[in-house]
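A.B. asks: File follows, start21.txt with compact mmCIF, C-alpha atoms:
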# COMPACT_ATOMS: atom_id res chain seq x y z
CA MET A 97 0.00 0.00 0.00
CA ALA A 98 2.82 2.40 0.85
CA ASP A 99 4.54 1.61 -2.44
CA ALA A 100 1.33 2.20 -4.41
CA LEU A 101 0.58 5.49 -2.65
CA ILE A 102 4.12 6.76 -3.19
CA GLY A 103 3.88 5.70 -6.83
CA ALA A 104 0.74 7.81 -7.12
CA GLY A 105 2.59 10.86 -5.79
CA ALA A 106 1.79 10.75 -2.08
CA ARG A 107 4.26 11.16 0.74
CA VAL A 108 3.94 8.28 3.20
CA ALA A 109 5.07 7.90 6.80
CA ILE A 110 5.76 4.28 7.73
CA ALA A 111 5.60 3.55 11.44
CA GLY A 112 7.33 0.75 13.30
CA ARG A 113 8.51 -0.09 16.79
CA ASP A 114 12.09 -0.12 15.50
CA ARG A 115 13.04 3.28 14.04
CA ALA A 116 15.98 1.94 12.04
CA ARG A 117 13.81 -0.72 10.40
CA ALA A 118 11.05 1.77 9.57
CA GLU A 119 13.59 4.17 8.08
CA ALA A 120 15.19 1.36 6.06
CA VAL A 121 11.84 0.33 4.57
CA ALA A 122 11.00 3.96 3.80
CA ALA A 123 14.34 4.39 2.06
CA GLU A 124 13.66 1.35 -0.12
CA LEU A 125 10.41 2.96 -1.25
CA GLY A 126 12.15 6.12 -2.41
CA PRO A 127 12.08 9.84 -1.54
CA GLY A 128 8.32 9.82 -0.91
CA GLY A 129 8.69 7.63 2.17
CA VAL A 130 9.72 8.54 5.69
CA GLY A 131 10.15 6.17 8.61
CA ILE A 132 9.13 6.98 12.17
CA GLU A 133 9.26 5.14 15.46
CA MET A 134 5.89 4.33 17.00
CA ASP A 135 4.66 1.61 19.32
CA VAL A 136 0.93 1.69 18.69
CA ARG A 137 0.29 -0.06 22.01
CA ASP A 138 1.69 2.90 23.95
CA GLU A 139 -0.24 6.19 24.09
CA ARG A 140 2.87 8.32 24.67
CA SER A 141 4.68 6.70 21.77
CA VAL A 142 1.64 7.23 19.53
CA HIS A 143 1.41 10.94 20.34
CA ALA A 144 5.15 11.41 19.83
CA GLY A 145 4.99 9.53 16.52
CA VAL A 146 1.99 11.51 15.28
CA ASP A 147 3.78 14.76 16.21
CA ASP A 148 6.77 13.56 14.17
CA VAL A 149 4.56 12.84 11.15
CA TYR A 150 2.95 16.26 11.25
CA GLU A 151 6.36 17.89 11.55
CA LEU A 152 7.83 15.84 8.69
CA LEU A 153 4.88 15.93 6.31
CA GLY A 154 3.04 19.06 7.40
CA GLY A 155 -0.22 17.18 7.95
CA VAL A 156 -2.05 13.90 7.51
CA ASP A 157 -4.64 13.50 4.75
CA MET A 158 -5.10 9.76 5.22
CA LEU A 159 -4.48 7.35 8.07
CA VAL A 160 -4.17 3.67 7.12
CA ASN A 161 -4.75 1.61 10.26
CA ASN A 162 -2.74 -1.51 9.44
CA ALA A 163 -0.86 -2.25 12.64
CA GLY A 164 -0.81 -5.92 13.44
CA ILE A 165 1.13 -8.99 14.39
CA GLY A 166 0.01 -12.39 13.25
CA MET A 167 -0.57 -15.86 14.60
CA ARG A 168 3.11 -16.78 14.32
CA THR A 169 3.78 -14.82 17.53
CA VAL A 170 1.32 -17.06 19.39
CA ASN A 171 1.80 -20.35 17.57
CA PRO A 172 4.53 -20.69 14.90
CA ARG A 173 2.73 -23.79 13.54
CA PHE A 174 -0.76 -22.33 13.51
CA MET A 175 -1.49 -23.54 9.98
CA SER A 176 -0.51 -27.18 10.56
CA ASP A 177 -1.02 -27.56 14.32
CA PRO A 178 -3.67 -25.06 15.52
CA LEU A 179 -4.11 -24.38 19.23
CA ALA A 180 -7.50 -24.38 20.89
CA PHE A 181 -8.33 -21.04 22.47
CA TRP A 182 -7.76 -22.39 25.99
CA GLU A 183 -4.21 -23.30 25.01
CA VAL A 184 -3.31 -19.78 23.88
CA PRO A 185 -1.06 -17.96 26.38
CA PRO A 186 -2.75 -14.84 27.80
CA SER A 187 0.37 -12.77 27.09
CA GLY A 188 0.19 -13.68 23.41
CA PHE A 189 -3.52 -12.91 23.31
CA ARG A 190 -2.98 -9.48 24.86
CA ASP A 191 -0.08 -8.61 22.55
CA VAL A 192 -2.08 -9.27 19.37
CA VAL A 193 -5.20 -7.49 20.65
CA GLU A 194 -3.26 -4.52 21.98
CA THR A 195 -1.40 -4.15 18.68
CA LYS A 196 -4.30 -4.59 16.27
CA LEU A 197 -7.25 -3.21 18.22
CA THR A 198 -5.85 -0.87 20.85
CA GLY A 199 -3.27 0.35 18.34
CA SER A 200 -5.94 1.24 15.79
CA PHE A 201 -7.91 3.07 18.48
CA LEU A 202 -4.96 5.03 19.87
CA VAL A 203 -3.63 6.21 16.50
CA ALA A 204 -7.07 7.19 15.19
CA ARG A 205 -7.79 8.93 18.50
CA ALA A 206 -4.61 10.99 18.10
CA VAL A 207 -5.15 11.87 14.43
CA VAL A 208 -8.90 12.47 14.05
CA PRO A 209 -9.12 15.66 16.15
CA ARG A 210 -6.41 17.19 13.97
CA MET A 211 -8.25 16.10 10.82
CA LEU A 212 -11.47 17.65 12.08
CA ALA A 213 -9.63 20.87 12.90
CA ALA A 214 -8.08 20.88 9.42
CA GLY A 215 -11.49 20.35 7.82
CA ALA A 216 -10.76 17.05 6.07
CA GLY A 217 -9.32 13.58 6.52
CA ARG A 218 -9.69 9.95 5.58
CA ILE A 219 -9.21 6.79 7.59
CA VAL A 220 -8.81 3.34 6.09
CA CYS A 221 -8.97 0.41 8.48
CA ILE A 222 -7.48 -2.84 7.21
CA SER A 223 -9.62 -5.88 7.96
CA MET A 224 -9.85 -9.55 6.99
CA ASN A 225 -12.33 -12.10 5.65
CA GLU A 226 -15.07 -13.08 8.06
CA GLN A 227 -13.96 -16.71 7.66
CA THR A 228 -10.59 -15.74 9.14
CA MET A 229 -12.26 -14.00 12.06
CA THR A 230 -13.94 -17.24 13.10
CA ARG A 231 -11.47 -19.84 11.82
CA ARG A 232 -10.53 -22.74 14.09
CA GLY A 233 -7.23 -22.11 15.87
CA PHE A 234 -7.18 -18.38 15.06
CA VAL A 235 -7.42 -16.96 18.58
CA PRO A 236 -6.45 -14.15 19.05
CA TYR A 237 -5.85 -12.99 15.45
CA GLY A 238 -9.41 -13.57 14.22
CA PRO A 239 -11.23 -11.94 17.15
CA ALA A 240 -8.81 -9.00 17.08
CA GLY A 241 -9.56 -8.48 13.39
CA ALA A 242 -13.30 -8.65 14.00
CA ALA A 243 -12.91 -6.05 16.74
CA VAL A 244 -10.96 -3.74 14.42
CA GLU A 245 -13.79 -3.93 11.90
CA ALA A 246 -16.38 -3.20 14.59
CA LEU A 247 -14.26 -0.27 15.76
CA ALA A 248 -14.15 1.07 12.20
CA ARG A 249 -17.94 0.92 11.92
CA VAL A 250 -18.39 2.77 15.22
CA MET A 251 -15.82 5.37 14.14
CA ALA A 252 -17.74 5.83 10.89
CA ALA A 253 -20.97 6.31 12.84
CA ASP A 254 -19.34 8.82 15.18
CA LEU A 255 -17.90 10.76 12.22
CA ALA A 256 -21.04 10.70 10.07
CA GLY A 257 -21.84 14.18 8.85
CA THR A 258 -18.29 15.44 9.40
CA THR A 259 -15.48 16.08 6.93
CA VAL A 260 -13.62 12.91 7.99
CA THR A 261 -14.47 9.60 6.34
CA VAL A 262 -13.84 6.03 7.50
CA ASN A 263 -13.77 2.97 5.28
CA ILE A 264 -12.74 -0.68 5.62
CA LEU A 265 -10.39 -2.40 3.18
CA LEU A 266 -9.42 -6.08 3.14
CA PRO A 267 -7.45 -8.22 0.67
CA GLY A 268 -10.06 -10.94 0.10
CA GLY A 269 -7.78 -13.80 1.06
CA ALA A 270 -4.48 -14.61 2.72
CA THR A 271 -1.57 -12.58 1.37
CA ALA A 272 2.08 -13.53 0.87
CA THR A 273 3.55 -11.65 3.81
CA GLY A 274 5.83 -12.45 6.72
CA MET A 275 2.79 -13.51 8.72
CA VAL A 276 2.59 -16.78 6.78
CA PRO A 277 4.72 -19.61 8.22
CA GLU A 278 7.71 -20.69 6.15
CA GLY A 279 6.61 -24.32 6.36
CA VAL A 280 3.39 -23.77 4.43
CA GLY A 281 3.13 -26.19 1.50
CA PRO A 282 3.46 -25.14 -2.15
CA GLU A 283 -0.24 -25.64 -2.88
CA THR A 284 -1.26 -23.28 -0.09
CA ARG A 285 1.45 -20.77 -0.94
CA ALA A 286 0.34 -20.74 -4.58
CA ARG A 287 -3.10 -19.52 -3.45
CA LEU A 288 -1.71 -16.56 -1.50
CA LEU A 289 -2.54 -13.14 -2.89
CA ASP A 290 0.19 -10.70 -3.86
CA PRO A 291 0.13 -7.86 -1.27
CA ALA A 292 0.15 -5.44 -4.22
CA ILE A 293 -3.54 -6.30 -4.67
CA MET A 294 -4.21 -3.66 -1.99
CA GLY A 295 -2.61 -0.90 -4.06
CA PRO A 296 -5.34 0.18 -6.50
CA ALA A 297 -8.05 0.34 -3.83
CA VAL A 298 -6.03 2.31 -1.31
CA VAL A 299 -4.86 4.76 -3.99
CA TRP A 300 -8.47 5.23 -5.09
CA LEU A 301 -9.54 5.86 -1.50
CA ALA A 302 -6.94 8.64 -1.34
CA SER A 303 -8.13 10.22 -4.60
CA GLU A 304 -10.69 12.89 -5.39
CA GLU A 305 -12.92 10.17 -6.85
CA ALA A 306 -13.46 8.90 -3.30
CA ASN A 307 -14.70 12.23 -1.97
CA GLY A 308 -17.64 11.53 0.31
CA VAL A 309 -17.20 7.74 0.26
CA HIS A 310 -17.89 6.70 3.84
CA ASP A 311 -18.57 3.55 5.85
CA GLU A 312 -17.86 1.17 2.96
CA ARG A 313 -16.32 -2.31 3.20
CA ILE A 314 -14.16 -2.88 0.15
CA VAL A 315 -12.59 -6.21 -0.79
CA ALA A 316 -9.42 -5.54 -2.78
CA ALA A 317 -9.74 -8.73 -4.82
CA ASP A 318 -13.19 -7.51 -5.93
CA PHE A 319 -12.30 -3.82 -6.18
CA GLU A 320 -12.78 -3.33 -9.94
CA ALA A 321 -16.18 -5.03 -9.86
CA TRP A 322 -17.17 -3.04 -6.74
CA LEU A 323 -16.14 0.18 -8.45
CA ALA A 324 -18.08 -0.73 -11.60
CA ARG A 325 -21.21 -1.35 -9.51
CA ARG A 326 -20.96 2.17 -8.11
Reformat the file's structure so that it appears as C-alpha cells.
C.D. replies:
Amino acid sequence: MADALIGAGARVAIAGRDRARAEAVAAELGPGGVGIEMDVRDERSVHAGVDDVYELLGGVDMLVNNAGIGMRTVNPRFMSDPLAFWEVPPSGFRDVVETKLTGSFLVARAVVPRMLAAGAGRIVCISMNEQTMTRRGFVPYGPAGAAVEALARVMAADLAGTTVTVNILLPGGATATGMVPEGVGPETRARLLDPAIMGPAVVWLASEEANGVHDERIVAADFEAWLARR
C-alpha cells in the first residue's frame, strides 16, 4: 500500500517499533517515504509519533490503520497444528489485541481531532475475511480483526456528517507476507494473494474520486467489480 501510494505521488510515513527498520523500509520505497518510530500499544509513543509525522509531512490527509502482528507470535505452527483457544497464552492474546485493536484506536484517536480541525481527513482500516475472524485455531488474530472492523464501523458512525471519512479495506484472502509460516506447503502458498492487490483500492480511496465515500467495506480482490457497480 505504501509503495502504491508513493507511486501515485503521495508522501507516506511508515511507522514501526524499530526506528531503524522503519527508516530502512521507507528508504527502499524512495524519496516519498519517511520512517518513524511508534509503538501503537503505547499512548505516549503514539502521540510522539503523530507529532513527528505532522512535523515531517506538514499534515495527515489519510491514516491507514494496518498495525498488526500475526498468529506466528502465538503459535509458529498455527497452519498445521492449531491451538485451541484455551491453550493460547494470555500474554500472546494481549499482545495481538493490543497491537491490532488498541493500536488502531490510539492512533485514530490521536489523528482524528487534527483532521477535524483541518477540515478534512480519511481513515482506512485494514480488515480480513469473516472466515478468518472465526477460523478454528485463530485466537487471538481472528477476534482482534473482528474487533478492528467493529471499531471502524463505530468510528464511521461517530464521524457521520463530518469532513472525515472512515472505510474498511481487506485483501479478500491470505496474502504472501511475513505472517505466513515458512513451512506452508506449495499448494497453499500458490493460493496466496500478492500484497500489491491492496494498491489500487487504497490509492483510489486517497483520490478525489473517493470524496464523500464513507462507511464502505471494500474487498481488494473484488475492487474493480465493486467500483463498476458504483
A.B. asks: Pick out the residues sitting within 12 Å of Leu323 of chain A, and hand them over as JSON, numbers by chain; count only C-alpha atoms, and ignore anything fewer than 3 positions along from it in its own chain.
C.D. replies: {"A": [296, 297, 300, 301, 305, 306, 309, 312, 313, 314, 315, 316, 317, 318, 319, 320, 326]}
A.B. asks: For the contact check between segment 233-266 of chain A and segment 164-170 of chain A, emit one row per residue of segment 233-266 of chain A within 12 Å, containing the shortest atom pair and the distance in Å rounded to one decimal, counting all atoms listed in the file, chain then rising number order, as a Markdown table.
C.D. replies:
| residue | atom | partner | partner_atom | distance |
| --- | --- | --- | --- | --- |
| A:Gly233 | CA | A:Met167 | CA | 9.2 |
| A:Phe234 | CA | A:Met167 | CA | 7.1 |
| A:Val235 | CA | A:Met167 | CA | 8.0 |
| A:Pro236 | CA | A:Met167 | CA | 7.6 |
| A:Tyr237 | CA | A:Met167 | CA | 6.1 |
| A:Gly238 | CA | A:Met167 | CA | 9.1 |
| A:Pro239 | CA | A:Met167 | CA | 11.6 |
| A:Ala240 | CA | A:Gly164 | CA | 9.3 |
| A:Gly241 | CA | A:Gly164 | CA | 9.1 |
| A:Val244 | CA | A:Gly164 | CA | 10.4 |
A.B. asks: Calculate how many Å separate atom CA of Asn161 of chain A from atom CA of Arg173 of chain A, rounding to one decimal.
C.D. replies: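 Answer for the atom CA of Asn161 of chain A to atom CA of Arg173 of chain A separation: 26.7 Å.
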A.B. asks: I'd like the contact shell of segment 194-205 of chain A - 8 Å cut-off, all atoms listed in the file, skipping same-chain residues fewer than 4 positions apart - returned as number ranges by chain.
C.D. replies: A: 136-139, 142-143, 146, 159, 161-165, 190, 209, 219, 221, 240-241, 243-244, 247
A.B. asks: Can you tell me how far atom CA of Thr259 of chain A sits from atom CA of Ala216 of chain A, in Å to one decimal?
C.D. replies: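 Pair atom CA of Thr259 of chain A / atom CA of Ala216 of chain A returns 4.9 Å.
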A.B. asks: With distances taken over all atoms listed in the file, which of A:Asp290, A:Asp157, A:Asp99, A:Asp148 is nearest to Ala122 of chain A?
C.D. replies: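 Of A:Asp290, A:Asp157, A:Asp99, A:Asp148, the one nearest Ala122 of chain A, counting all atoms listed in the file, is A:Asp99.
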A.B. asks: So that I can check the surroundings of Leu212 of chain A, please list as a VMD selection string every protein, DNA and RNA residue that reaches within 10 Å of it, counting all atoms listed in the file and ignoring chain neighbours fewer than 2 positions away.
C.D. replies: chain A and resid 207 to 210 214 to 217 255 258 to 260
A.B. asks: Just to be explicit: take each residue in the selection above, keep C-alpha atoms, and write the result as an mmCIF file, keeping the file's coordinate frame.
C.D. replies:
data_model
loop_
_atom_site.group_PDB
_atom_site.id
_atom_site.type_symbol
_atom_site.label_atom_id
_atom_site.label_comp_id
_atom_site.auth_asym_id
_atom_site.auth_seq_id
_atom_site.Cartn_x
_atom_site.Cartn_y
_atom_site.Cartn_z
ATOM 1 C CA VAL A 207 -5.150 11.870 14.430
ATOM 2 C CA VAL A 208 -8.900 12.470 14.050
ATOM 3 C CA PRO A 209 -9.120 15.660 16.150
ATOM 4 C CA ARG A 210 -6.410 17.190 13.970
ATOM 5 C CA ALA A 214 -8.080 20.880 9.420
ATOM 6 C CA GLY A 215 -11.490 20.350 7.820
ATOM 7 C CA ALA A 216 -10.760 17.050 6.070
ATOM 8 C CA GLY A 217 -9.320 13.580 6.520
ATOM 9 C CA LEU A 255 -17.900 10.760 12.220
ATOM 10 C CA THR A 258 -18.290 15.440 9.400
ATOM 11 C CA THR A 259 -15.480 16.080 6.930
ATOM 12 C CA VAL A 260 -13.620 12.910 7.990
#
A.B. asks: Grab all the atoms of segment 286-304 of chain A that the file lists, wrap them in a box along x, y and z, add 4 Å per side, and give me centre plus edge lengths in Å (one decimal) as JSON.
C.D. replies:
{"center_x": -5.2, "center_y": -3.9, "center_z": -3.9, "size_x": 19.0, "size_y": 41.6, "size_z": 13.2}
A.B. asks: Rounded to one decimal, what separation in Å do you get between atom CA of Ile132 of chain A and atom CA of Ala213 of chain A?
C.D. replies: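 Value for the atom CA of Ile132 of chain A-atom CA of Ala213 of chain A distance: 23.4 Å.
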A.B. asks: So which one's closest to Leu125 of chain A, A:Ile102, A:Ala111, A:Pro291, A:Gly145? Using all atoms listed in the file, please.
C.D. replies: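 Residue with the minimum atom-to-atom distance to Leu125 of chain A: A:Ile102.
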A.B. asks: Would you please work out which residue, of A:Thr261, A:Arg232, A:Met158, A:Gly128, is nearest to Ser176 of chain A when using all atoms listed in the file?
C.D. replies: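 Checking each of A:Thr261, A:Arg232, A:Met158, A:Gly128 against Ser176 of chain A, counting all atoms listed in the file, the winner is A:Arg232.
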A.B. asks: When distances are computed from all atoms listed in the file, which of A:Gly308, A:Ala206, A:Ala292, A:Glu226 shows the smallest separation from Ala256 of chain A?
C.D. replies: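 The shortest atom-to-atom distance to Ala256 of chain A comes from A:Gly308.
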A.B. asks: Which neighbours of Arg113 of chain A fall inside 7 Å, counting all atoms listed in the file, when residues of the same chain fewer than 4 positions from it are skipped, and could you give them as a list in words?
C.D. replies: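 My list of contacting residues is Glu133, Met134 and Asp135 of chain A.
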A.B. asks: Keeping C-alpha atoms, export the residues of the selection given above as a short mmCIF file (atom, residue, chain, number, x, y, z; two decimals), keeping the file's coordinate frame.
C.D. replies:
data_model
loop_
_atom_site.label_atom_id
_atom_site.label_comp_id
_atom_site.auth_asym_id
_atom_site.auth_seq_id
_atom_site.Cartn_x
_atom_site.Cartn_y
_atom_site.Cartn_z
CA GLU A 133 9.26 5.14 15.46
CA MET A 134 5.89 4.33 17.00
CA ASP A 135 4.66 1.61 19.32
#
A.B. asks: Contacts of Gly131 of chain A at 7 Å or less, counting all atoms listed in the file, minus same-chain residues fewer than 6 places along, as a ChimeraX atom specification?
C.D. replies: /A:109-111,115,118-119,122
A.B. asks: Next, the residues of the selection above should be written as a PDB file, keeping the file's coordinate frame with C-alpha atoms.
C.D. replies:
ATOM      1  CA  ALA A 109       5.070   7.900   6.800  1.00  0.00           C
ATOM      2  CA  ILE A 110       5.760   4.280   7.730  1.00  0.00           C
ATOM      3  CA  ALA A 111       5.600   3.550  11.440  1.00  0.00           C
ATOM      4  CA  ARG A 115      13.040   3.280  14.040  1.00  0.00           C
ATOM      5  CA  ALA A 118      11.050   1.770   9.570  1.00  0.00           C
ATOM      6  CA  GLU A 119      13.590   4.170   8.080  1.00  0.00           C
ATOM      7  CA  ALA A 122      11.000   3.960   3.800  1.00  0.00           C
TER       8      ALA A 122
END
A.B. asks: Using all atoms listed in the file, pick whichever of A:Thr273, A:Val130, A:Asn263, A:Asn225 has the shortest atom-to-atom distance to Glu151 of chain A.
C.D. replies: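 Looking only at the distances to Glu151 of chain A, the closest residue turns out to be A:Val130.
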A.B. asks: In terms of the shortest atom-to-atom distance over only C-alpha atoms, which of A:Pro185, A:Pro178, A:Val108, A:Gly268 is closest to Gly154 of chain A?
C.D. replies: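 So, comparing all the options, the nearest one is A:Val108.
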A.B. asks: Missing atoms in segment 140-154 of chain A: can you complete it with N, CA and C atoms, as an mmCIF file, in the coordinates of the input?
C.D. replies:
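Saved result, rebuild06.cif, follows:
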data_model
loop_
_atom_site.group_PDB
_atom_site.id
_atom_site.type_symbol
_atom_site.label_atom_id
_atom_site.label_comp_id
_atom_site.auth_asym_id
_atom_site.auth_seq_id
_atom_site.Cartn_x
_atom_site.Cartn_y
_atom_site.Cartn_z
ATOM 1 N N ARG A 140 1.833 7.292 24.788
ATOM 2 C CA ARG A 140 2.870 8.320 24.670
ATOM 3 C C ARG A 140 3.658 8.179 23.380
ATOM 4 N N SER A 141 3.969 6.932 23.006
ATOM 5 C CA SER A 141 4.680 6.700 21.770
ATOM 6 C C SER A 141 3.835 7.110 20.564
ATOM 7 N N VAL A 142 2.540 6.844 20.619
ATOM 8 C CA VAL A 142 1.640 7.230 19.530
ATOM 9 C C VAL A 142 1.619 8.737 19.354
ATOM 10 N N HIS A 143 1.459 9.479 20.436
ATOM 11 C CA HIS A 143 1.410 10.940 20.340
ATOM 12 C C HIS A 143 2.736 11.509 19.835
ATOM 13 N N ALA A 144 3.837 10.948 20.309
ATOM 14 C CA ALA A 144 5.150 11.410 19.830
ATOM 15 C C ALA A 144 5.311 11.105 18.351
ATOM 16 N N GLY A 145 4.881 9.909 17.923
ATOM 17 C CA GLY A 145 4.990 9.530 16.520
ATOM 18 C C GLY A 145 4.118 10.396 15.625
ATOM 19 N N VAL A 146 2.883 10.663 16.062
ATOM 20 C CA VAL A 146 1.990 11.510 15.280
ATOM 21 C C VAL A 146 2.563 12.923 15.172
ATOM 22 N N ASP A 147 3.123 13.439 16.258
ATOM 23 C CA ASP A 147 3.780 14.760 16.210
ATOM 24 C C ASP A 147 4.900 14.748 15.177
ATOM 25 N N ASP A 148 5.674 13.670 15.142
ATOM 26 C CA ASP A 148 6.770 13.560 14.170
ATOM 27 C C ASP A 148 6.232 13.595 12.745
ATOM 28 N N VAL A 149 5.135 12.877 12.495
ATOM 29 C CA VAL A 149 4.560 12.840 11.150
ATOM 30 C C VAL A 149 4.106 14.230 10.716
ATOM 31 N N TYR A 150 3.412 14.916 11.605
ATOM 32 C CA TYR A 150 2.950 16.260 11.250
ATOM 33 C C TYR A 150 4.110 17.211 11.009
ATOM 34 N N GLU A 151 5.181 17.032 11.755
ATOM 35 C CA GLU A 151 6.360 17.890 11.550
ATOM 36 C C GLU A 151 7.051 17.561 10.229
ATOM 37 N N LEU A 152 7.134 16.260 9.901
ATOM 38 C CA LEU A 152 7.830 15.840 8.690
ATOM 39 C C LEU A 152 7.014 16.092 7.422
ATOM 40 N N LEU A 153 5.717 15.850 7.495
ATOM 41 C CA LEU A 153 4.880 15.930 6.310
ATOM 42 C C LEU A 153 4.003 17.183 6.259
ATOM 43 N N GLY A 154 3.859 17.864 7.374
ATOM 44 C CA GLY A 154 3.040 19.060 7.400
ATOM 45 C C GLY A 154 1.552 18.799 7.568
#
